[in-house]
$ cat structure_10.pdb   # PDB, C-alpha atoms
ATOM      1  CA  MET A   1     -35.235  35.016 -29.885
ATOM      2  CA  LYS A   2     -32.845  37.913 -29.356
ATOM      3  CA  ALA A   3     -34.373  38.611 -25.947
ATOM      4  CA  ARG A   4     -33.956  34.986 -24.926
ATOM      5  CA  MET A   5     -30.321  35.049 -26.043
ATOM      6  CA  ARG A   6     -29.781  38.216 -24.043
ATOM      7  CA  TRP A   7     -31.300  36.614 -20.918
ATOM      8  CA  ALA A   8     -29.160  33.509 -21.381
ATOM      9  CA  GLY A   9     -26.106  35.729 -21.697
ATOM     10  CA  LYS A  10     -27.015  37.571 -18.504
ATOM     11  CA  GLY A  11     -27.544  34.244 -16.723
ATOM     12  CA  ILE A  12     -24.134  32.956 -17.793
ATOM     13  CA  THR A  13     -22.498  36.214 -16.693
ATOM     14  CA  MET A  14     -24.211  35.989 -13.286
ATOM     15  CA  VAL A  15     -23.138  32.366 -12.785
ATOM     16  CA  ALA A  16     -19.571  33.198 -13.847
ATOM     17  CA  ALA A  17     -19.513  36.153 -11.457
ATOM     18  CA  MET A  18     -20.804  34.001  -8.582
ATOM     19  CA  LEU A  19     -18.224  31.301  -9.267
ATOM     20  CA  PHE A  20     -15.525  33.961  -9.445
ATOM     21  CA  ILE A  21     -16.575  35.404  -6.115
ATOM     22  CA  ALA A  22     -17.066  31.992  -4.491
ATOM     23  CA  ALA A  23     -13.691  30.609  -5.617
ATOM     24  CA  PRO A  24     -11.607  32.138  -2.808
ATOM     25  CA  PHE A  25     -14.083  30.853  -0.195
ATOM     26  CA  GLN A  26     -13.842  27.358  -1.642
ATOM     27  CA  ALA A  27     -10.152  27.368  -0.741
ATOM     28  CA  LEU A  28     -11.032  28.131   2.871
ATOM     29  CA  ALA A  29     -12.876  24.865   3.292
ATOM     30  CA  ALA A  30     -10.815  22.415   5.356
ATOM     31  CA  PRO A  31      -9.473  19.482   3.348
ATOM     32  CA  PRO A  32     -10.435  15.984   4.485
ATOM     33  CA  GLN A  33      -8.187  14.400   7.098
ATOM     34  CA  GLN A  34      -5.705  11.657   6.295
ATOM     35  CA  LYS A  35      -7.365   8.268   6.679
ATOM     36  CA  ASP A  36      -5.465   5.507   8.398
ATOM     37  CA  GLU A  37      -6.724   1.947   8.314
ATOM     38  CA  LEU A  38      -4.102   0.751  10.789
ATOM     39  CA  PHE A  39      -5.375   2.886  13.621
ATOM     40  CA  ALA A  40      -9.013   3.144  12.609
ATOM     41  CA  GLY A  41     -11.095   2.856  15.757
ATOM     42  CA  ALA A  42      -8.310   3.873  18.161
ATOM     43  CA  GLU A  43     -10.512   6.716  19.416
ATOM     44  CA  LYS A  44     -12.144   4.259  21.818
ATOM     45  CA  PHE A  45      -9.030   4.417  24.006
ATOM     46  CA  ALA A  46      -9.810   8.067  24.726
ATOM     47  CA  LYS A  47     -12.830   7.015  26.794
ATOM     48  CA  ASN A  48     -11.108   6.741  30.200
ATOM     49  CA  ALA A  49      -8.057   8.786  29.314
ATOM     50  CA  LYS A  50      -6.880  11.674  31.451
ATOM     51  CA  SER A  51      -5.591  13.340  28.320
ATOM     52  CA  SER A  52      -5.580  12.375  24.687
ATOM     53  CA  THR A  53      -3.657  13.697  21.720
ATOM     54  CA  GLU A  54      -4.736  12.902  18.195
ATOM     55  CA  VAL A  55      -2.702  14.253  15.305
ATOM     56  CA  ASN A  56      -3.589  13.649  11.673
ATOM     57  CA  LEU A  57      -1.433  15.439   9.136
ATOM     58  CA  ASP A  58      -1.465  14.654   5.439
ATOM     59  CA  LYS A  59       0.973  15.721   2.728
ATOM     60  CA  ASN A  60      -0.854  18.996   2.030
ATOM     61  CA  MET A  61      -0.914  19.962   5.683
ATOM     62  CA  LEU A  62       2.737  19.086   6.123
ATOM     63  CA  GLY A  63       3.499  21.177   3.051
ATOM     64  CA  MET A  64       1.688  24.067   4.669
ATOM     65  CA  ALA A  65       3.654  23.595   7.887
ATOM     66  CA  SER A  66       6.925  23.451   5.960
ATOM     67  CA  LYS A  67       6.247  26.958   4.625
ATOM     68  CA  PHE A  68       6.525  28.217   8.184
ATOM     69  CA  THR A  69       9.465  26.030   9.200
ATOM     70  CA  ASP A  70      11.676  27.126   6.309
ATOM     71  CA  ASP A  71      14.005  28.909   8.717
ATOM     72  CA  ASP A  72      14.229  25.694  10.748
ATOM     73  CA  LYS A  73      15.988  23.470   8.233
ATOM     74  CA  GLU A  74      15.749  20.147  10.090
ATOM     75  CA  ALA A  75      12.030  20.418  10.759
ATOM     76  CA  SER A  76      11.388  21.739   7.280
ATOM     77  CA  ASP A  77      13.322  18.836   5.738
ATOM     78  CA  LEU A  78      11.299  16.282   7.659
ATOM     79  CA  THR A  79       7.942  17.876   6.873
ATOM     80  CA  LYS A  80       8.894  17.781   3.199
ATOM     81  CA  LYS A  81       9.966  14.133   3.400
ATOM     82  CA  LEU A  82       6.860  12.842   5.141
ATOM     83  CA  ASP A  83       3.647  11.875   3.362
ATOM     84  CA  PHE A  84       1.601  11.734   6.516
ATOM     85  CA  VAL A  85       1.890  11.788  10.289
ATOM     86  CA  ILE A  86      -0.661  10.054  12.476
ATOM     87  CA  VAL A  87      -0.227  10.011  16.224
ATOM     88  CA  ARG A  88      -2.611   8.896  18.948
ATOM     89  CA  ASP A  89      -1.488   9.291  22.529
ATOM     90  CA  TYR A  90      -3.674   8.516  25.531
ATOM     91  CA  GLU A  91      -2.605   9.072  29.116
ATOM     92  CA  TYR A  92      -4.422   7.488  32.047
ATOM     93  CA  ASP A  93      -4.584   8.280  35.744
ATOM     94  CA  LYS A  94      -4.045   4.697  36.822
ATOM     95  CA  PRO A  95      -3.320   1.325  35.219
ATOM     96  CA  GLY A  96      -6.121  -0.803  33.830
ATOM     97  CA  GLN A  97      -8.041   2.003  32.178
ATOM     98  CA  TYR A  98      -7.897   0.348  28.774
ATOM     99  CA  ASN A  99      -8.241  -3.211  27.615
ATOM    100  CA  MET A 100      -5.024  -4.854  26.446
ATOM    101  CA  ALA A 101      -7.065  -7.200  24.253
ATOM    102  CA  ASP A 102      -8.252  -4.150  22.307
ATOM    103  CA  VAL A 103      -4.623  -3.173  21.691
ATOM    104  CA  GLU A 104      -3.947  -6.686  20.429
ATOM    105  CA  GLU A 105      -6.514  -6.099  17.694
ATOM    106  CA  PHE A 106      -4.363  -3.217  16.406
ATOM    107  CA  ARG A 107      -1.140  -5.220  16.681
ATOM    108  CA  ASN A 108      -2.685  -7.977  14.589
ATOM    109  CA  ARG A 109      -3.159  -5.516  11.746
ATOM    110  CA  LEU A 110       0.625  -5.352  11.464
ATOM    111  CA  ASP A 111       0.879  -9.069  10.716
ATOM    112  CA  ASN A 112      -0.128  -8.425   7.123
ATOM    113  CA  GLY A 113       1.059  -5.782   4.721
ATOM    114  CA  GLY A 114       4.791  -6.467   4.523
ATOM    115  CA  TRP A 115       5.751  -4.977   7.882
ATOM    116  CA  SER A 116       9.019  -5.995   9.422
ATOM    117  CA  HIS A 117       9.108  -6.053  13.212
ATOM    118  CA  VAL A 118      12.104  -4.176  14.566
ATOM    119  CA  VAL A 119      11.001  -4.377  18.177
ATOM    120  CA  LYS A 120       8.423  -6.705  19.639
ATOM    121  CA  GLU A 121       8.381  -6.588  23.386
ATOM    122  CA  ARG A 122       5.875  -8.192  25.699
ATOM    123  CA  SER A 123       5.576  -8.191  29.472
ATOM    124  CA  ALA A 124       2.730  -8.604  31.908
ATOM    125  CA  THR A 125       1.929  -4.908  31.943
ATOM    126  CA  GLU A 126       3.632  -3.495  28.867
ATOM    127  CA  SER A 127       3.985  -4.187  25.209
ATOM    128  CA  THR A 128       5.831  -2.489  22.409
ATOM    129  CA  ASP A 129       5.819  -2.977  18.672
ATOM    130  CA  VAL A 130       8.022  -1.062  16.285
ATOM    131  CA  CYS A 131       7.441  -1.991  12.672
ATOM    132  CA  MET A 132       8.706  -0.517   9.470
ATOM    133  CA  LYS A 133       8.773  -0.790   5.745
ATOM    134  CA  THR A 134      11.967  -0.060   3.916
ATOM    135  CA  ASP A 135      13.250   0.270   0.388
ATOM    136  CA  SER A 136      16.720   0.707  -1.085
ATOM    137  CA  GLU A 137      16.836   4.311   0.122
ATOM    138  CA  GLY A 138      15.862   3.611   3.732
ATOM    139  CA  VAL A 139      12.743   3.710   5.867
ATOM    140  CA  THR A 140       9.507   4.425   4.021
ATOM    141  CA  GLU A 141       6.981   3.785   6.781
ATOM    142  CA  LEU A 142       7.197   3.481  10.552
ATOM    143  CA  VAL A 143       4.611   2.263  13.027
ATOM    144  CA  VAL A 144       4.952   2.265  16.793
ATOM    145  CA  ILE A 145       2.388   0.815  19.180
ATOM    146  CA  ASP A 146       3.487   1.313  22.746
ATOM    147  CA  ALA A 147       1.216   0.173  25.529
ATOM    148  CA  GLU A 148       2.293   1.110  29.028
ATOM    149  CA  PRO A 149       0.183   0.877  32.192
ATOM    150  CA  ASN A 150      -0.589   4.609  32.189
ATOM    151  CA  GLU A 151      -0.032   5.507  28.560
ATOM    152  CA  LEU A 152      -0.958   4.157  25.177
ATOM    153  CA  THR A 153       0.733   5.485  22.051
ATOM    154  CA  PHE A 154       0.165   4.828  18.371
ATOM    155  CA  VAL A 155       2.480   6.392  15.802
ATOM    156  CA  HIS A 156       2.279   5.964  12.045
ATOM    157  CA  LEU A 157       4.672   7.912   9.830
ATOM    158  CA  LYS A 158       4.959   7.515   6.078
ATOM    159  CA  GLY A 159       7.681   8.987   3.895
ATOM    160  CA  HIS A 160      11.369   8.624   3.232
ATOM    161  CA  MET A 161      13.048   9.272   6.564
ATOM    162  CA  SER A 162      15.973   8.218   8.665
ATOM    163  CA  MET A 163      16.067   7.789  12.417
ATOM    164  CA  SER A 164      18.398  10.753  12.622
ATOM    165  CA  ASP A 165      15.692  12.876  10.935
ATOM    166  CA  LEU A 166      13.241  11.834  13.639
ATOM    167  CA  GLU A 167      15.776  12.291  16.374
ATOM    168  CA  LYS A 168      16.645  15.787  15.191
ATOM    169  CA  ALA A 169      12.986  16.763  14.973
ATOM    170  CA  GLY A 170      12.189  15.053  18.287
ATOM    171  CA  SER A 171      15.006  16.731  20.173
ATOM    172  CA  LYS A 172      14.121  20.018  18.564
ATOM    173  CA  TYR A 173      10.554  19.741  19.859
ATOM    174  CA  GLY A 174      11.356  18.709  23.404
ATOM    175  CA  GLY A 175      12.034  14.977  23.138
ATOM    176  CA  SER A 176      14.848  13.742  25.293
ATOM    177  CA  GLN A 177      18.194  12.960  23.779
ATOM    178  CA  LYS A 178      18.527   9.434  25.120
ATOM    179  CA  LYS A 179      19.859   7.259  22.405
ATOM    180  CA  ASP A 180      19.680   3.595  21.857
ATOM    181  CA  ALA A 181      22.450   2.225  19.739
ATOM    182  CA  LYS A 182      20.758  -1.094  19.112
ATOM    183  CA  LEU A 183      17.527   0.416  17.823
ATOM    184  CA  LYS A 184      19.352   3.001  15.754
ATOM    185  CA  ALA A 185      21.603   0.356  14.240
ATOM    186  CA  LYS A 186      18.593  -1.770  13.335
ATOM    187  CA  VAL A 187      16.716   1.152  11.833
ATOM    188  CA  LYS A 188      19.648   2.442   9.813
TER
ATOM    189  CA  MET B   1     -26.458  85.275 -79.771
ATOM    190  CA  SER B   2     -24.228  86.735 -77.130
ATOM    191  CA  ASP B   3     -27.063  88.829 -75.833
ATOM    192  CA  GLU B   4     -29.143  85.731 -75.451
ATOM    193  CA  VAL B   5     -26.419  83.987 -73.415
ATOM    194  CA  GLU B   6     -25.845  87.052 -71.359
ATOM    195  CA  GLN B   7     -29.530  87.342 -70.619
ATOM    196  CA  ARG B   8     -29.721  83.694 -69.571
ATOM    197  CA  LEU B   9     -26.721  84.041 -67.272
ATOM    198  CA  LYS B  10     -28.216  87.135 -65.746
ATOM    199  CA  ASN B  11     -31.425  85.246 -65.038
ATOM    200  CA  ASP B  12     -29.641  82.224 -63.594
ATOM    201  CA  LEU B  13     -27.269  84.195 -61.412
ATOM    202  CA  GLU B  14     -29.913  86.537 -60.164
ATOM    203  CA  ARG B  15     -29.777  86.927 -56.384
ATOM    204  CA  VAL B  16     -32.623  85.134 -54.695
ATOM    205  CA  ALA B  17     -33.575  86.053 -51.187
ATOM    206  CA  ALA B  18     -33.667  83.244 -48.594
ATOM    207  CA  PRO B  19     -37.126  82.078 -47.558
ATOM    208  CA  GLU B  20     -38.467  83.783 -44.550
ATOM    209  CA  GLY B  21     -37.162  82.361 -41.218
ATOM    210  CA  PHE B  22     -34.469  80.282 -42.941
ATOM    211  CA  ALA B  23     -31.634  81.657 -40.804
ATOM    212  CA  ASP B  24     -33.639  81.106 -37.628
ATOM    213  CA  ARG B  25     -34.380  77.509 -38.568
ATOM    214  CA  VAL B  26     -30.701  76.839 -39.341
ATOM    215  CA  MET B  27     -29.601  78.362 -36.040
ATOM    216  CA  GLU B  28     -32.261  76.395 -34.181
ATOM    217  CA  ARG B  29     -31.045  73.150 -35.720
ATOM    218  CA  VAL B  30     -27.434  73.979 -34.829
ATOM    219  CA  ARG B  31     -28.448  74.701 -31.227
ATOM    220  CA  ALA B  32     -30.411  71.430 -31.028
ATOM    221  CA  LYS B  33     -27.424  69.398 -32.251
ATOM    222  CA  GLU B  34     -25.148  71.172 -29.817
ATOM    223  CA  HIS B  35     -27.560  70.444 -26.977
ATOM    224  CA  ALA B  36     -27.840  66.780 -27.930
ATOM    225  CA  ARG B  37     -24.064  66.446 -27.995
ATOM    226  CA  LEU B  38     -23.745  68.076 -24.582
ATOM    227  CA  ARG B  39     -26.385  65.700 -23.186
ATOM    228  CA  LEU B  40     -24.780  62.578 -24.693
ATOM    229  CA  MET B  41     -21.254  63.238 -23.468
ATOM    230  CA  PRO B  42     -21.927  63.051 -19.700
ATOM    231  CA  ARG B  43     -23.975  59.841 -20.118
ATOM    232  CA  ARG B  44     -21.081  58.155 -21.891
ATOM    233  CA  MET B  45     -18.732  59.430 -19.221
ATOM    234  CA  MET B  46     -21.085  58.128 -16.554
ATOM    235  CA  HIS B  47     -20.836  54.610 -17.988
ATOM    236  CA  VAL B  48     -17.058  54.832 -17.885
ATOM    237  CA  TRP B  49     -17.130  55.968 -14.251
ATOM    238  CA  GLN B  50     -19.592  53.229 -13.363
ATOM    239  CA  ALA B  51     -17.304  50.658 -14.922
ATOM    240  CA  ILE B  52     -14.290  52.074 -13.088
ATOM    241  CA  ALA B  53     -16.213  52.071  -9.794
ATOM    242  CA  ALA B  54     -17.371  48.489 -10.362
ATOM    243  CA  VAL B  55     -13.832  47.311 -11.124
ATOM    244  CA  ALA B  56     -12.487  49.147  -8.065
ATOM    245  CA  LEU B  57     -15.198  47.603  -5.872
ATOM    246  CA  ILE B  58     -14.460  44.104  -7.161
ATOM    247  CA  ALA B  59     -10.730  44.688  -6.660
ATOM    248  CA  VAL B  60     -11.285  45.842  -3.060
ATOM    249  CA  PHE B  61     -13.588  42.876  -2.404
ATOM    250  CA  LEU B  62     -11.159  40.335  -3.868
ATOM    251  CA  GLY B  63      -8.272  41.974  -2.030
ATOM    252  CA  GLY B  64     -10.195  41.649   1.225
ATOM    253  CA  VAL B  65     -11.071  38.018   0.549
ATOM    254  CA  GLU B  66      -7.433  37.286  -0.299
ATOM    255  CA  ALA B  67      -6.225  38.971   2.901
ATOM    256  CA  VAL B  68      -8.711  36.991   5.015
ATOM    257  CA  HIS B  69      -7.754  33.810   3.200
ATOM    258  CA  ARG B  70      -4.047  34.428   3.767
ATOM    259  CA  ARG B  71      -4.571  35.160   7.465
ATOM    260  CA  GLN B  72      -6.670  32.020   7.916
ATOM    261  CA  GLU B  73      -4.093  29.960   6.043
ATOM    262  CA  GLN B  74      -1.347  31.293   8.288
ATOM    263  CA  ARG B  75      -3.363  30.479  11.411
ATOM    264  CA  ARG B  76      -4.034  26.982  10.084
ATOM    265  CA  ALA B  77      -0.345  26.502   9.300
ATOM    266  CA  GLU B  78       0.556  27.551  12.838
ATOM    267  CA  VAL B  79      -1.905  25.014  14.258
ATOM    268  CA  ILE B  80      -0.496  22.335  11.937
ATOM    269  CA  GLN B  81       3.033  23.218  12.960
ATOM    270  CA  ARG B  82       2.138  22.879  16.643
ATOM    271  CA  GLN B  83       0.481  19.515  15.922
ATOM    272  CA  PHE B  84       3.559  18.391  14.000
ATOM    273  CA  GLU B  85       5.810  19.419  16.871
ATOM    274  CA  GLN B  86       3.605  17.536  19.307
ATOM    275  CA  ALA B  87       3.553  14.459  17.066
ATOM    276  CA  MET B  88       7.340  14.482  16.738
ATOM    277  CA  GLU B  89       7.768  14.934  20.457
ATOM    278  CA  ILE B  90       5.479  11.985  21.229
ATOM    279  CA  THR B  91       7.199   9.861  18.569
ATOM    280  CA  GLN B  92      10.645  10.664  19.900
ATOM    281  CA  ARG B  93       9.600  10.147  23.522
ATOM    282  CA  THR B  94       8.061   6.778  22.645
ATOM    283  CA  LEU B  95      11.099   5.665  20.670
ATOM    284  CA  ASP B  96      13.350   6.787  23.508
ATOM    285  CA  GLY B  97      11.294   4.716  25.931
ATOM    286  CA  VAL B  98      11.416   1.730  23.599
ATOM    287  CA  GLY B  99      15.162   2.178  23.214
ATOM    288  CA  GLU B 100      15.649   2.286  26.963
ATOM    289  CA  ARG B 101      13.659  -0.886  27.478
ATOM    290  CA  VAL B 102      15.498  -2.646  24.647
ATOM    291  CA  SER B 103      18.801  -1.606  26.237
ATOM    292  CA  GLU B 104      17.700  -2.829  29.655
ATOM    293  CA  ALA B 105      16.559  -6.106  28.137
ATOM    294  CA  GLY B 106      19.941  -6.415  26.384
ATOM    295  CA  VAL B 107      21.852  -5.792  29.634
ATOM    296  CA  LYS B 108      19.749  -8.363  31.498
ATOM    297  CA  HIS B 109      20.288 -10.833  28.659
ATOM    298  CA  ASP B 110      24.065 -10.218  28.703
ATOM    299  CA  LYS B 111      24.202 -10.713  32.512
ATOM    300  CA  GLY B 112      22.193 -13.911  32.182
ATOM    301  CA  GLU B 113      24.634 -15.286  29.613
ATOM    302  CA  ARG B 114      27.594 -14.613  31.900
TER
END
$ encode --input "structure_10.pdb" --output "structure tokens"
Amino acid sequence: MKARMRWAGKGITMVAAMLFIAAPFQALAAPPQQKDELFAGAEKFAKNAKSSTEVNLDKNMLGMASKFTDDDKEASDLTKKLDFVIVRDYEYDKPGQYNMADVEEFRNRLDNGGWSHVVKERSATESTDVCMKTDSEGVTELVVIDAEPNELTFVHLKGHMSMSDLEKAGSKYGGSQKKDAKLKAKVK
Amino acid sequence: MSDEVEQRLKNDLERVAAPEGFADRVMERVRAKEHARLRLMPRRMMHVWQAIAAVALIAVFLGGVEAVHRRQEQRRAEVIQRQFEQAMEITQRTLDGVGERVSEAGVKHDKGER
């Protein structure tokens, strides 16, 4: 009986030691990516693309990034405000490399879910949708679907933000400084 | 009476010689105990040193794991930061483009009204 108890004790100690040693490695495992139902399946547009950019950042990842942008107050503020950032950008060599009907499928997803359309633009070759959700404090969610002949862009941001936050971050990271008073007025 | 007591005391307090080899046996036992004590001490000390070595080894191992973890986390954060910058740049560029088109549409609409 005593021997069995001793063996059980040794077993528990071994398991505890293994867990103790394995714990730091557990933290190294990459967390799952942010899921987005709005743009689920958008990867198909990468098929004929010259270049594609897919960014999926959830709250944890943004928190990690904010640790390193602490000296950059504007960027750090925005990373702290956002819950997730999902961007899909596909560039094509020539027009007609993606099917506009496929884009329509994604636009239709914005018809439900309490989205308000800020911009809805349609032409023969281009289409743009800017939708957002707001509360008393401002914008809580922003979706942009921009389909141009040579470029297709999907943007989904969630978190309390203002357009000036985005503008500051955008200009900081190389976006141009062209401003549109109408859009800004609508968003604010 | 007093003679009798005196005689008894004399008998009782008479010096008796130690059995043969008594001193040797006592000394042998003392030496054995001393030897045992000398043998036990290093073993106990060895356990202490083993424990110290084990703790030091674990500390070095955990320190190494922590350093690797921190370096990997920093690398990951740098990648995330670059992705964030890229995402913000694309977002801003797209919104700029949208803004331009909305402006152009507004100008055309205004001209049409006039």
$ resolve_selection --input "structure_10.pdb" --expression "the ChimeraX specification (/A :<12) & /B" --output "ChimeraX atom specification"
/B:58-59,61-107
$ residues_around --input "structure_10.pdb" --residues "Cys131 (chain A)" --least-positions-apart "6" --cutoff "6 Å" --atoms "only C-alpha atoms" --output "number ranges by chain"
A: 115-118, 142-143
$ atom_distance --input "structure_10.pdb" --atom1 "CA of Asp58 (chain A)" --atom2 "CA of Met132 (chain A)"
18.7 Å
$ atom_distance --input "structure_10.pdb" --atom1 "CA of Met161 (chain A)" --atom2 "CA of Leu82 (chain A)"
7.3 Å
$ resolve_selection --input "structure_10.pdb" --expression "the PyMOL selection byres ((chain A and resi 46) around 10)" --output "list in words"
Ala42, Glu43, Lys44, Phe45, Lys47, Asn48, Ala49, Lys50, Ser51, Ser52, Thr53, Glu54, Arg88, Asp89, Tyr90, Glu91, Tyr92, Gln97, Tyr98 and Leu152 of chain A
$ atom_distance --input "structure_10.pdb" --atom1 "CA of Phe39 (chain A)" --atom2 "CA of Arg122 (chain A)"
19.9 Å
$ build_atoms --input "structure_10.pdb" --residues "region 47-68 of chain B" --atoms "N, CA and C atoms" --output "JSON list (two decimals), keeping the file's coordinate frame"
[["chain", "number", "residue", "atom", "x", "y", "z"],
["B", 47, "HIS", "N", -21.06, 56.06, -17.82],
["B", 47, "HIS", "CA", -20.84, 54.61, -17.99],
["B", 47, "HIS", "C", -19.40, 54.25, -17.65],
["B", 48, "VAL", "N", -18.49, 55.10, -18.13],
["B", 48, "VAL", "CA", -17.06, 54.83, -17.89],
["B", 48, "VAL", "C", -16.79, 54.84, -16.39],
["B", 49, "TRP", "N", -17.35, 55.87, -15.70],
["B", 49, "TRP", "CA", -17.13, 55.97, -14.25],
["B", 49, "TRP", "C", -17.77, 54.81, -13.50],
["B", 50, "GLN", "N", -18.93, 54.39, -14.00],
["B", 50, "GLN", "CA", -19.59, 53.23, -13.36],
["B", 50, "GLN", "C", -18.72, 51.99, -13.48],
["B", 51, "ALA", "N", -18.16, 51.82, -14.69],
["B", 51, "ALA", "CA", -17.30, 50.66, -14.92],
["B", 51, "ALA", "C", -16.06, 50.71, -14.03],
["B", 52, "ILE", "N", -15.49, 51.92, -13.93],
["B", 52, "ILE", "CA", -14.29, 52.07, -13.09],
["B", 52, "ILE", "C", -14.64, 51.78, -11.62],
["B", 53, "ALA", "N", -15.78, 52.29, -11.19],
["B", 53, "ALA", "CA", -16.21, 52.07, -9.79],
["B", 53, "ALA", "C", -16.46, 50.59, -9.54],
["B", 54, "ALA", "N", -17.09, 49.92, -10.52],
["B", 54, "ALA", "CA", -17.37, 48.49, -10.36],
["B", 54, "ALA", "C", -16.07, 47.69, -10.26],
["B", 55, "VAL", "N", -15.12, 48.01, -11.14],
["B", 55, "VAL", "CA", -13.83, 47.31, -11.12],
["B", 55, "VAL", "C", -13.12, 47.55, -9.79],
["B", 56, "ALA", "N", -13.15, 48.82, -9.34],
["B", 56, "ALA", "CA", -12.49, 49.15, -8.06],
["B", 56, "ALA", "C", -13.13, 48.39, -6.91],
["B", 57, "LEU", "N", -14.46, 48.30, -6.93],
["B", 57, "LEU", "CA", -15.20, 47.60, -5.87],
["B", 57, "LEU", "C", -14.84, 46.12, -5.86],
["B", 58, "ILE", "N", -14.81, 45.53, -7.06],
["B", 58, "ILE", "CA", -14.46, 44.10, -7.16],
["B", 58, "ILE", "C", -13.03, 43.89, -6.67],
["B", 59, "ALA", "N", -12.14, 44.82, -7.07],
["B", 59, "ALA", "CA", -10.73, 44.69, -6.66],
["B", 59, "ALA", "C", -10.60, 44.76, -5.14],
["B", 60, "VAL", "N", -11.33, 45.70, -4.53],
["B", 60, "VAL", "CA", -11.28, 45.84, -3.06],
["B", 60, "VAL", "C", -11.84, 44.59, -2.40],
["B", 61, "PHE", "N", -12.96, 44.07, -2.96],
["B", 61, "PHE", "CA", -13.59, 42.88, -2.40],
["B", 61, "PHE", "C", -12.64, 41.68, -2.48],
["B", 62, "LEU", "N", -12.06, 41.48, -3.69],
["B", 62, "LEU", "CA", -11.16, 40.34, -3.87],
["B", 62, "LEU", "C", -9.91, 40.49, -3.00],
["B", 63, "GLY", "N", -9.43, 41.72, -2.89],
["B", 63, "GLY", "CA", -8.27, 41.97, -2.03],
["B", 63, "GLY", "C", -8.57, 41.60, -0.59],
["B", 64, "GLY", "N", -9.77, 41.98, -0.14],
["B", 64, "GLY", "CA", -10.20, 41.65, 1.23],
["B", 64, "GLY", "C", -10.30, 40.15, 1.43],
["B", 65, "VAL", "N", -10.92, 39.48, 0.46],
["B", 65, "VAL", "CA", -11.07, 38.02, 0.55],
["B", 65, "VAL", "C", -9.69, 37.36, 0.60],
["B", 66, "GLU", "N", -8.78, 37.85, -0.24],
["B", 66, "GLU", "CA", -7.43, 37.29, -0.30],
["B", 66, "GLU", "C", -6.71, 37.49, 1.04],
["B", 67, "ALA", "N", -6.88, 38.68, 1.61],
["B", 67, "ALA", "CA", -6.22, 38.97, 2.90],
["B", 67, "ALA", "C", -6.76, 38.06, 3.99],
["B", 68, "VAL", "N", -8.09, 37.87, 4.01],
["B", 68, "VAL", "CA", -8.71, 36.99, 5.01],
["B", 68, "VAL", "C", -8.23, 35.57, 4.81]]
